[in-house]
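A.B. asks: My structure is in entry12.cif, and what it holds is mmCIF, C-alpha atoms:
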data_coords
loop_
_atom_site.label_atom_id
_atom_site.label_comp_id
_atom_site.auth_asym_id
_atom_site.auth_seq_id
_atom_site.Cartn_x
_atom_site.Cartn_y
_atom_site.Cartn_z
CA MET A 1 8.88 26.56 -36.44
CA THR A 2 9.71 22.86 -36.38
CA ASP A 3 8.24 20.78 -39.17
CA THR A 4 5.91 18.08 -37.80
CA ALA A 5 7.85 15.54 -39.87
CA ASP A 6 10.71 15.98 -37.40
CA HIS A 7 8.58 14.64 -34.54
CA LEU A 8 9.13 10.99 -33.70
CA ASP A 9 6.20 8.60 -33.34
CA ALA A 10 8.21 6.31 -31.09
CA TYR A 11 11.09 6.78 -28.68
CA PRO A 12 12.87 3.44 -28.47
CA PRO A 13 15.26 2.85 -25.56
CA SER A 14 18.97 2.79 -26.17
CA ALA A 15 20.65 -0.55 -26.80
CA GLU A 16 22.43 -0.25 -23.46
CA PHE A 17 19.15 0.35 -21.61
CA ALA A 18 17.41 -2.55 -23.36
CA ALA A 19 20.31 -4.91 -22.65
CA ALA A 20 20.10 -4.19 -18.91
CA ALA A 21 16.28 -4.32 -18.71
CA ASN A 22 14.54 -6.74 -16.36
CA GLY A 23 12.37 -8.06 -19.18
CA ASP A 24 12.38 -8.52 -22.93
CA ALA A 25 10.02 -9.89 -25.58
CA SER A 26 10.62 -13.46 -24.41
CA LEU A 27 8.13 -12.76 -21.60
CA TYR A 28 5.34 -12.79 -24.19
CA ASP A 29 6.53 -16.04 -25.70
CA ARG A 30 6.89 -17.83 -22.36
CA ALA A 31 3.46 -16.67 -21.21
CA ALA A 32 1.85 -17.77 -24.47
CA THR A 33 3.61 -21.15 -24.50
CA ASP A 34 2.62 -22.19 -20.97
CA ARG A 35 0.78 -19.56 -18.97
CA GLU A 36 0.62 -21.63 -15.79
CA ALA A 37 4.35 -22.29 -15.84
CA PHE A 38 4.89 -18.59 -16.49
CA TRP A 39 2.84 -17.54 -13.44
CA ALA A 40 4.47 -20.25 -11.32
CA GLU A 41 7.82 -18.69 -12.26
CA GLN A 42 6.57 -15.24 -11.20
CA ALA A 43 5.14 -16.56 -7.93
CA GLY A 44 8.54 -18.13 -7.31
CA ARG A 45 9.96 -14.62 -6.87
CA LEU A 46 8.08 -14.53 -3.54
CA HIS A 47 8.63 -16.40 -0.26
CA TRP A 48 6.11 -19.19 0.29
CA ALA A 49 5.83 -20.89 3.69
CA GLN A 50 4.06 -23.79 1.98
CA PRO A 51 4.26 -24.55 -1.76
CA TRP A 52 1.12 -24.70 -3.87
CA THR A 53 -0.22 -27.93 -5.34
CA ARG A 54 -1.89 -26.32 -8.35
CA VAL A 55 -1.15 -23.02 -10.08
CA LEU A 56 -4.71 -22.24 -11.22
CA ASP A 57 -8.03 -23.82 -10.31
CA TRP A 58 -10.45 -22.67 -13.03
CA ASP A 59 -12.95 -25.49 -12.41
CA ASP A 60 -15.60 -23.12 -11.07
CA ALA A 61 -15.19 -20.44 -13.76
CA PRO A 62 -15.43 -17.48 -13.70
CA PHE A 63 -14.16 -17.87 -10.11
CA ALA A 64 -10.43 -18.49 -10.10
CA ARG A 65 -8.26 -19.86 -7.29
CA TRP A 66 -4.54 -19.15 -7.67
CA PHE A 67 -1.68 -21.16 -6.16
CA VAL A 68 -4.02 -23.64 -4.50
CA ASP A 69 -2.92 -24.86 -1.03
CA GLY A 70 0.02 -22.44 -1.06
CA LYS A 71 0.62 -20.40 2.10
CA LEU A 72 2.45 -17.11 2.52
CA ASN A 73 2.48 -13.94 4.59
CA VAL A 74 2.19 -10.81 2.47
CA ALA A 75 3.88 -8.51 5.01
CA TYR A 76 6.74 -10.99 5.46
CA ASN A 77 7.30 -10.78 1.70
CA CYS A 78 7.32 -6.97 1.82
CA VAL A 79 9.52 -6.45 4.88
CA ASP A 80 10.90 -9.38 6.90
CA ARG A 81 12.65 -11.26 4.13
CA HIS A 82 14.63 -8.19 3.06
CA VAL A 83 15.87 -7.69 6.62
CA LEU A 84 16.74 -11.39 6.91
CA ASP A 85 18.63 -11.15 3.62
CA GLY A 86 20.85 -8.43 5.09
CA TYR A 87 19.16 -5.29 3.75
CA GLY A 88 17.83 -3.93 7.05
CA ASP A 89 19.84 -0.71 6.67
CA GLN A 90 18.44 0.05 3.20
CA VAL A 91 15.95 2.93 3.19
CA ALA A 92 12.48 1.66 2.36
CA ILE A 93 10.67 5.01 2.54
CA HIS A 94 11.89 8.58 2.10
CA TRP A 95 8.86 10.32 3.58
CA GLU A 96 8.31 13.99 2.83
CA GLY A 97 5.67 15.92 4.79
CA GLU A 98 3.83 18.80 3.21
CA PRO A 99 5.18 21.36 5.74
CA GLY A 100 8.74 20.23 4.88
CA ASP A 101 9.39 17.75 7.67
CA SER A 102 10.80 14.40 6.55
CA ARG A 103 11.70 10.91 7.75
CA ASP A 104 13.87 8.16 6.30
CA ILE A 105 12.64 4.71 7.34
CA THR A 106 14.86 1.67 6.79
CA TYR A 107 13.55 -1.86 6.28
CA ALA A 108 14.66 -2.77 9.81
CA GLU A 109 12.77 0.23 11.22
CA LEU A 110 9.73 -0.57 9.09
CA LEU A 111 9.74 -4.15 10.37
CA ALA A 112 9.86 -2.92 13.97
CA GLU A 113 6.98 -0.49 13.39
CA VAL A 114 4.82 -3.07 11.61
CA SER A 115 5.55 -5.57 14.40
CA ARG A 116 4.55 -3.04 17.08
CA ALA A 117 1.28 -2.31 15.29
CA ALA A 118 0.58 -6.03 14.81
CA ASN A 119 1.23 -6.74 18.48
CA TYR A 120 -1.04 -3.93 19.62
CA MET A 121 -3.83 -4.87 17.21
CA THR A 122 -3.63 -8.44 18.50
CA GLY A 123 -3.89 -7.03 22.01
CA LEU A 124 -7.14 -5.32 21.00
CA GLY A 125 -8.55 -8.78 20.30
CA LEU A 126 -8.44 -8.67 16.51
CA VAL A 127 -8.04 -12.03 14.80
CA ALA A 128 -7.48 -13.15 11.20
CA GLY A 129 -10.57 -12.48 9.13
CA ASP A 130 -11.59 -9.33 11.04
CA ARG A 131 -11.79 -6.09 9.07
CA VAL A 132 -9.93 -2.81 9.65
CA ALA A 133 -10.85 0.56 8.08
CA ILE A 134 -7.92 2.92 7.39
CA TYR A 135 -8.84 6.59 6.84
CA MET A 136 -5.54 8.42 6.71
CA PRO A 137 -3.47 10.89 4.70
CA MET A 138 -0.12 9.92 3.20
CA VAL A 139 1.81 9.44 6.44
CA PRO A 140 4.15 6.50 7.18
CA GLU A 141 1.74 5.10 9.77
CA ALA A 142 -0.79 4.51 6.99
CA ILE A 143 1.61 2.09 5.29
CA VAL A 144 2.46 0.54 8.68
CA ALA A 145 -1.26 0.03 9.36
CA ILE A 146 -1.77 -1.65 5.98
CA LEU A 147 1.19 -4.00 6.44
CA ALA A 148 0.26 -4.82 10.05
CA SER A 149 -3.24 -5.76 8.90
CA ALA A 150 -1.81 -7.98 6.17
CA ARG A 151 0.61 -9.51 8.68
CA LEU A 152 -2.27 -10.58 10.94
CA GLY A 153 -4.62 -11.71 8.19
CA LEU A 154 -6.92 -8.75 8.92
CA THR A 155 -8.69 -7.59 5.78
CA HIS A 156 -8.11 -3.85 5.37
CA SER A 157 -10.37 -1.31 3.74
CA VAL A 158 -8.46 1.88 2.94
CA VAL A 159 -10.76 4.87 2.53
CA PHE A 160 -9.38 7.95 0.77
CA ALA A 161 -8.96 10.70 3.40
CA GLY A 162 -10.72 13.17 1.10
CA PHE A 163 -13.98 11.21 1.26
CA SER A 164 -16.91 12.46 3.34
CA PRO A 165 -18.03 11.05 6.71
CA SER A 166 -21.02 9.39 5.03
CA ALA A 167 -18.73 7.70 2.48
CA LEU A 168 -16.55 6.42 5.33
CA ARG A 169 -19.58 5.15 7.23
CA GLN A 170 -20.91 3.25 4.20
CA ARG A 171 -17.61 1.43 3.86
CA VAL A 172 -17.25 0.76 7.60
CA ASP A 173 -20.74 -0.71 7.79
CA ASP A 174 -20.42 -2.83 4.67
CA ALA A 175 -17.10 -4.34 5.79
CA GLU A 176 -18.26 -4.52 9.44
CA ALA A 177 -14.92 -3.02 10.49
CA LYS A 178 -13.99 -3.50 14.14
CA LEU A 179 -11.15 -0.96 14.11
CA VAL A 180 -10.82 2.43 12.41
CA ILE A 181 -7.31 3.92 12.10
CA THR A 182 -7.05 7.66 11.40
CA THR A 183 -5.11 10.84 12.23
CA ASP A 184 -6.05 13.93 14.24
CA GLY A 185 -5.91 15.92 11.01
CA GLN A 186 -4.18 16.29 7.67
CA TRP A 187 -2.10 19.03 6.04
CA ARG A 188 -3.61 20.53 2.93
CA ARG A 189 -1.99 23.58 1.30
CA GLY A 190 -0.46 24.83 4.53
CA THR A 191 -3.58 24.37 6.64
CA ALA A 192 -4.29 21.64 9.19
CA ALA A 193 -7.69 20.17 8.30
CA PRO A 194 -9.52 17.96 10.85
CA LEU A 195 -9.90 14.25 10.13
CA LYS A 196 -10.73 12.60 13.47
CA THR A 197 -13.79 14.91 13.61
CA ALA A 198 -15.03 13.35 10.37
CA VAL A 199 -14.55 9.87 11.84
CA ASP A 200 -16.67 10.81 14.89
CA GLU A 201 -19.36 12.23 12.63
CA ALA A 202 -19.34 9.08 10.53
CA LEU A 203 -19.48 6.65 13.43
CA SER A 204 -22.15 8.52 15.42
CA ALA A 205 -24.68 8.97 12.60
CA ASP A 206 -27.87 6.90 12.39
CA GLY A 207 -27.63 5.36 15.83
CA GLY A 208 -23.91 4.64 15.67
CA ALA A 209 -21.67 2.20 13.84
CA LYS A 210 -22.41 -1.14 15.49
CA SER A 211 -19.26 -2.97 14.40
CA VAL A 212 -16.58 -0.47 15.50
CA GLU A 213 -14.90 -1.25 18.83
CA HIS A 214 -11.89 1.08 18.70
CA VAL A 215 -10.55 4.14 16.87
CA LEU A 216 -6.75 4.38 16.73
CA VAL A 217 -5.50 7.95 16.18
CA VAL A 218 -2.10 9.12 14.94
CA ARG A 219 -0.99 12.62 16.01
CA ARG A 220 -0.05 14.52 12.87
CA THR A 221 -1.24 18.15 13.02
CA GLY A 222 -1.75 18.77 16.75
CA LEU A 223 -5.41 19.72 16.29
CA ASP A 224 -7.74 19.28 19.24
CA VAL A 225 -9.99 16.29 18.60
CA PRO A 226 -13.23 14.96 20.07
CA TRP A 227 -12.61 11.93 22.26
CA THR A 228 -14.66 8.90 23.30
CA GLU A 229 -13.14 7.25 26.37
CA GLY A 230 -12.81 3.48 26.09
CA ARG A 231 -13.08 3.57 22.29
CA ASP A 232 -10.46 6.08 21.14
CA ILE A 233 -6.73 5.38 21.46
CA TRP A 234 -3.62 7.45 20.69
CA TRP A 235 -1.12 5.60 18.48
CA ASP A 236 1.91 7.14 20.21
CA GLU A 237 0.66 6.02 23.65
CA THR A 238 -0.01 2.42 22.60
CA VAL A 239 1.43 1.16 19.32
CA SER A 240 4.71 3.01 19.83
CA LEU A 241 5.20 1.25 23.18
CA ALA A 242 4.42 -2.28 21.94
CA SER A 243 7.08 -4.92 21.34
CA PRO A 244 9.02 -4.59 18.06
CA GLU A 245 9.25 -8.40 17.82
CA HIS A 246 6.50 -10.31 16.05
CA GLU A 247 6.51 -13.64 14.23
CA ALA A 248 4.48 -13.61 11.03
CA GLN A 249 2.01 -16.43 10.42
CA ALA A 250 1.39 -17.82 6.94
CA PHE A 251 -2.10 -17.65 5.42
CA ASP A 252 -3.72 -19.44 2.53
CA SER A 253 -3.06 -17.99 -0.91
CA GLU A 254 -6.80 -17.22 -1.21
CA HIS A 255 -7.02 -15.49 2.20
CA PRO A 256 -8.73 -12.06 1.80
CA LEU A 257 -6.11 -9.31 1.80
CA PHE A 258 -8.17 -6.15 1.27
CA ILE A 259 -11.50 -4.71 0.19
CA LEU A 260 -11.48 -1.63 -2.01
CA TYR A 261 -14.77 0.07 -2.77
CA THR A 262 -15.92 1.69 -5.98
CA SER A 263 -16.45 5.46 -5.79
CA GLY A 264 -20.21 5.22 -5.30
CA THR A 265 -20.94 7.77 -8.03
CA THR A 266 -23.34 5.34 -9.74
CA GLY A 267 -25.02 3.92 -6.63
CA LYS A 268 -23.99 2.17 -3.44
CA PRO A 269 -20.21 1.56 -3.35
CA LYS A 270 -19.33 -2.00 -4.29
CA GLY A 271 -16.51 -3.70 -2.43
CA ILE A 272 -13.94 -5.49 -4.59
CA LEU A 273 -12.16 -8.22 -2.61
CA HIS A 274 -8.52 -9.00 -3.39
CA THR A 275 -6.92 -12.16 -2.04
CA SER A 276 -3.28 -12.69 -1.15
CA GLY A 277 -1.13 -14.97 -3.31
CA GLY A 278 -2.33 -14.15 -6.80
CA TYR A 279 -2.56 -10.43 -6.10
CA LEU A 280 0.94 -10.19 -4.64
CA THR A 281 2.39 -12.25 -7.49
CA GLN A 282 0.83 -9.90 -10.05
CA THR A 283 1.78 -6.61 -8.38
CA SER A 284 5.33 -7.79 -7.63
CA TYR A 285 5.74 -9.02 -11.22
CA THR A 286 4.37 -5.86 -12.86
CA HIS A 287 6.37 -3.54 -10.62
CA HIS A 288 9.59 -5.43 -11.37
CA TYR A 289 9.15 -5.58 -15.14
CA VAL A 290 7.05 -2.56 -16.11
CA PHE A 291 9.08 -0.09 -14.05
CA ASP A 292 12.33 -1.99 -14.67
CA HIS A 293 13.11 -1.45 -11.00
CA LYS A 294 16.61 -2.37 -9.79
CA ALA A 295 16.70 -2.95 -6.02
CA GLY A 296 19.42 -0.99 -4.28
CA GLN A 297 19.98 1.25 -7.32
CA ASP A 298 16.74 3.04 -8.17
CA VAL A 299 14.78 5.58 -6.16
CA TYR A 300 11.14 5.13 -7.10
CA TRP A 301 8.18 7.46 -6.62
CA CYS A 302 4.54 6.67 -7.29
CA THR A 303 2.57 9.87 -6.67
CA ALA A 304 -0.81 8.17 -6.11
CA ASP A 305 -2.72 8.11 -2.83
CA ILE A 306 -2.96 4.83 -0.92
CA GLY A 307 -6.74 5.26 -0.99
CA TRP A 308 -6.74 4.12 -4.63
CA VAL A 309 -5.77 0.71 -5.99
CA THR A 310 -2.69 2.26 -7.60
CA GLY A 311 -1.52 3.20 -4.12
CA HIS A 312 -2.18 -0.29 -2.76
CA SER A 313 -0.38 -1.97 -5.65
CA TYR A 314 2.41 0.45 -6.55
CA ILE A 315 3.22 2.17 -3.25
CA VAL A 316 2.74 -0.67 -0.79
CA TYR A 317 2.67 -4.24 -2.07
CA GLY A 318 4.45 -4.26 -5.44
CA PRO A 319 7.36 -1.96 -4.57
CA LEU A 320 8.03 -3.23 -1.05
CA SER A 321 7.97 -6.86 -2.21
CA ASN A 322 10.77 -5.86 -4.61
CA ARG A 323 12.91 -4.17 -1.93
CA VAL A 324 12.30 -0.67 -3.23
CA THR A 325 13.67 2.59 -1.94
CA GLN A 326 10.77 4.94 -2.55
CA VAL A 327 9.52 8.45 -1.93
CA VAL A 328 6.16 8.96 -0.22
CA TYR A 329 4.85 12.54 -0.19
CA GLU A 330 2.05 13.84 1.99
CA GLY A 331 0.90 16.96 0.19
CA THR A 332 -0.44 18.37 -3.04
CA PRO A 333 1.87 18.68 -6.07
CA ASN A 334 1.63 22.47 -6.41
CA PHE A 335 2.10 23.66 -2.83
CA PRO A 336 3.79 25.88 -1.85
CA ASN A 337 4.70 26.29 -5.53
CA GLU A 338 4.43 24.56 -8.89
CA HIS A 339 7.93 23.11 -8.50
CA ARG A 340 7.28 20.96 -5.42
CA HIS A 341 7.51 17.59 -7.16
CA TRP A 342 10.71 18.53 -8.98
CA GLU A 343 12.26 19.77 -5.74
CA ILE A 344 11.47 16.40 -4.14
CA ILE A 345 12.85 14.51 -7.16
CA GLU A 346 16.07 16.53 -6.89
CA LYS A 347 16.30 16.07 -3.09
CA TYR A 348 16.07 12.27 -3.19
CA GLY A 349 17.53 11.54 -6.62
CA VAL A 350 14.35 9.92 -7.96
CA THR A 351 15.08 7.73 -10.99
CA ILE A 352 11.59 6.28 -11.61
CA TYR A 353 8.66 8.71 -11.46
CA TYR A 354 5.14 7.29 -11.82
CA THR A 355 2.34 9.86 -11.98
CA ALA A 356 -0.96 10.72 -13.64
CA PRO A 357 -1.45 12.61 -16.91
CA THR A 358 -3.63 15.12 -15.04
CA LEU A 359 -0.60 16.33 -13.11
#
Starting from the file, lay out its structure as structure tokens.
C.D. replies:
Amino acid sequence: MTDTADHLDAYPPSAEFAAAANGDASLYDRAATDREAFWAEQAGRLHWAQPWTRVLDWDDAPFARWFVDGKLNVAYNCVDRHVLDGYGDQVAIHWEGEPGDSRDITYAELLAEVSRAANYMTGLGLVAGDRVAIYMPMVPEAIVAILASARLGLTHSVVFAGFSPSALRQRVDDAEAKLVITTDGQWRRGTAAPLKTAVDEALSADGGAKSVEHVLVVRRTGLDVPWTEGRDIWWDETVSLASPEHEAQAFDSEHPLFILYTSGTTGKPKGILHTSGGYLTQTSYTHHYVFDHKAGQDVYWCTADIGWVTGHSYIVYGPLSNRVTQVVYEGTPNFPNEHRHWEIIEKYGVTIYYTAPTL
């Protein structure tokens, strides 16, 4: 047996690792000395179409306004600027499906897909300020839908695909979503489980969801789905045929980016609204420094679901704003065996693995 005295209480990084790290203890000092200058420096890592006039407006505390008068496009910061900087051929997403199918999506390809979705959503009549509900498993189109919404100034509400029809309906009604984006079904432990059916159940209950005008459906499992003519639309017959060219428009730093609802276990779900400039500054900053991510070198994998805030912040907005190459996996961690995650790590050469203790 090993004596407990041999066990270390701390595992400091090597000197070589620390020397190459994105951050050091000076971050604390700079933030403490002048916090507004510190956050202005972090916001400066992003592309702003119009500079801010004031870092923080705290006059109406506890309501904060960050980067007042500044304008930016969140999707432009996550996709376009990397392509314009010459990194269009870099893989943005190594996507691994649960059945074993996979796709590598470059930044140039991601930009084209997001542009197609933005063009089609505009064609549906959606305008900045409208709300979109996204009820999807971990497929690339879910990330495309999120970024297209951000690109157009549409406030998205991502609903975890494991939630019930009634939970979806509560969130659709509260946000007054005009568009719901979903899939025909989702793969779970080797079985195709229906998802569009749950959307129909949600939207038809209690006299019908008054706000919803269209349901956009991605083919994933090939399941037969119920269909409402005039409302329901196949992604591959519409979005996939739209123009891959789209010019992003800048929005105010305080423009609403997304609503994420509490679980509802202690009452009616409460929608938490995140705005654009401050949120993107924070997630981009924390992803860069906490994960010590090196663009073009690391392969990063956050195993969360996009239905949670971790997925919003550390699969979509933080990583992509930092020109990540990341793994996105559709399925459960122990199917078809307990080694699935390690097989994926080996396949893609993952260097940064971000998961939950419960795993």
A.B. asks: Would you kindly return, as a list in words, each protein, DNA or RNA residue with an atom no farther than 12 Å from any atom of Gly230 of chain A, considering all atoms listed in the file and excluding same-chain residues fewer than 4 positions away?
C.D. replies: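 Once the nearby chain positions are removed, what remains is Leu124, Val212, Glu213, His214, Val215, Leu216 and Trp234 of chain A.
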A.B. asks: Here is a test: counting all atoms listed in the file, which residue of A:Gly129, A:Met138, A:Glu16, A:Asp69 is nearest to Ile315 of chain A?
C.D. replies: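 Using all atoms listed in the file, the shortest distance to Ile315 of chain A belongs to A:Met138.
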A.B. asks: Pull out every residue that the PyMOL selection byres ((chain A and resi 254-268) around 9) matches in the shown coordinates and put them as a ChimeraX atom specification.
C.D. replies: /A:65-71,74,129,131,149-150,153-159,167,170-171,175,251-253,269-279,307-309
A.B. asks: So how far away is atom CA of Ala148 of chain A from atom CA of Ala117 of chain A, in Å?
C.D. replies: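 Interatomic distance here is 5.9 Å.
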A.B. asks: What's the separation between atom CA of Met121 of chain A and atom CA of Ala75 of chain A, in Å to one decimal place?
C.D. replies: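 Calculated distance between atom CA of Met121 of chain A and atom CA of Ala75 of chain A is 14.9 Å.
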A.B. asks: Of the candidates A:Glu330, A:Glu245, A:Asp89, A:Asp9, which shows the shortest atom-to-atom distance to Val139 of chain A, using only C-alpha atoms?
C.D. replies: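 Residue with the minimum atom-to-atom distance to Val139 of chain A: A:Glu330.
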A.B. asks: Between A:Ala92, A:Asp200, A:Gly207, A:Arg340, which one has atoms that come closest to Val324 of chain A, using all atoms listed in the file?
C.D. replies: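 Nearest to Val324 of chain A: A:Ala92.
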A.B. asks: Quick one: of A:Gln90, A:Thr325, A:Asn119, A:Thr182, who's nearest to Arg219 of chain A, counting only C-alpha atoms?
C.D. replies: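 Checking each candidate against Arg219 of chain A, we get A:Thr182 as the closest.
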A.B. asks: Rank A:His94, A:Asp305, A:Tyr353, A:Lys347 by their smallest atom-to-atom distance to Phe160 of chain A, using only C-alpha atoms, and report the top residue only.
C.D. replies: A:Asp305
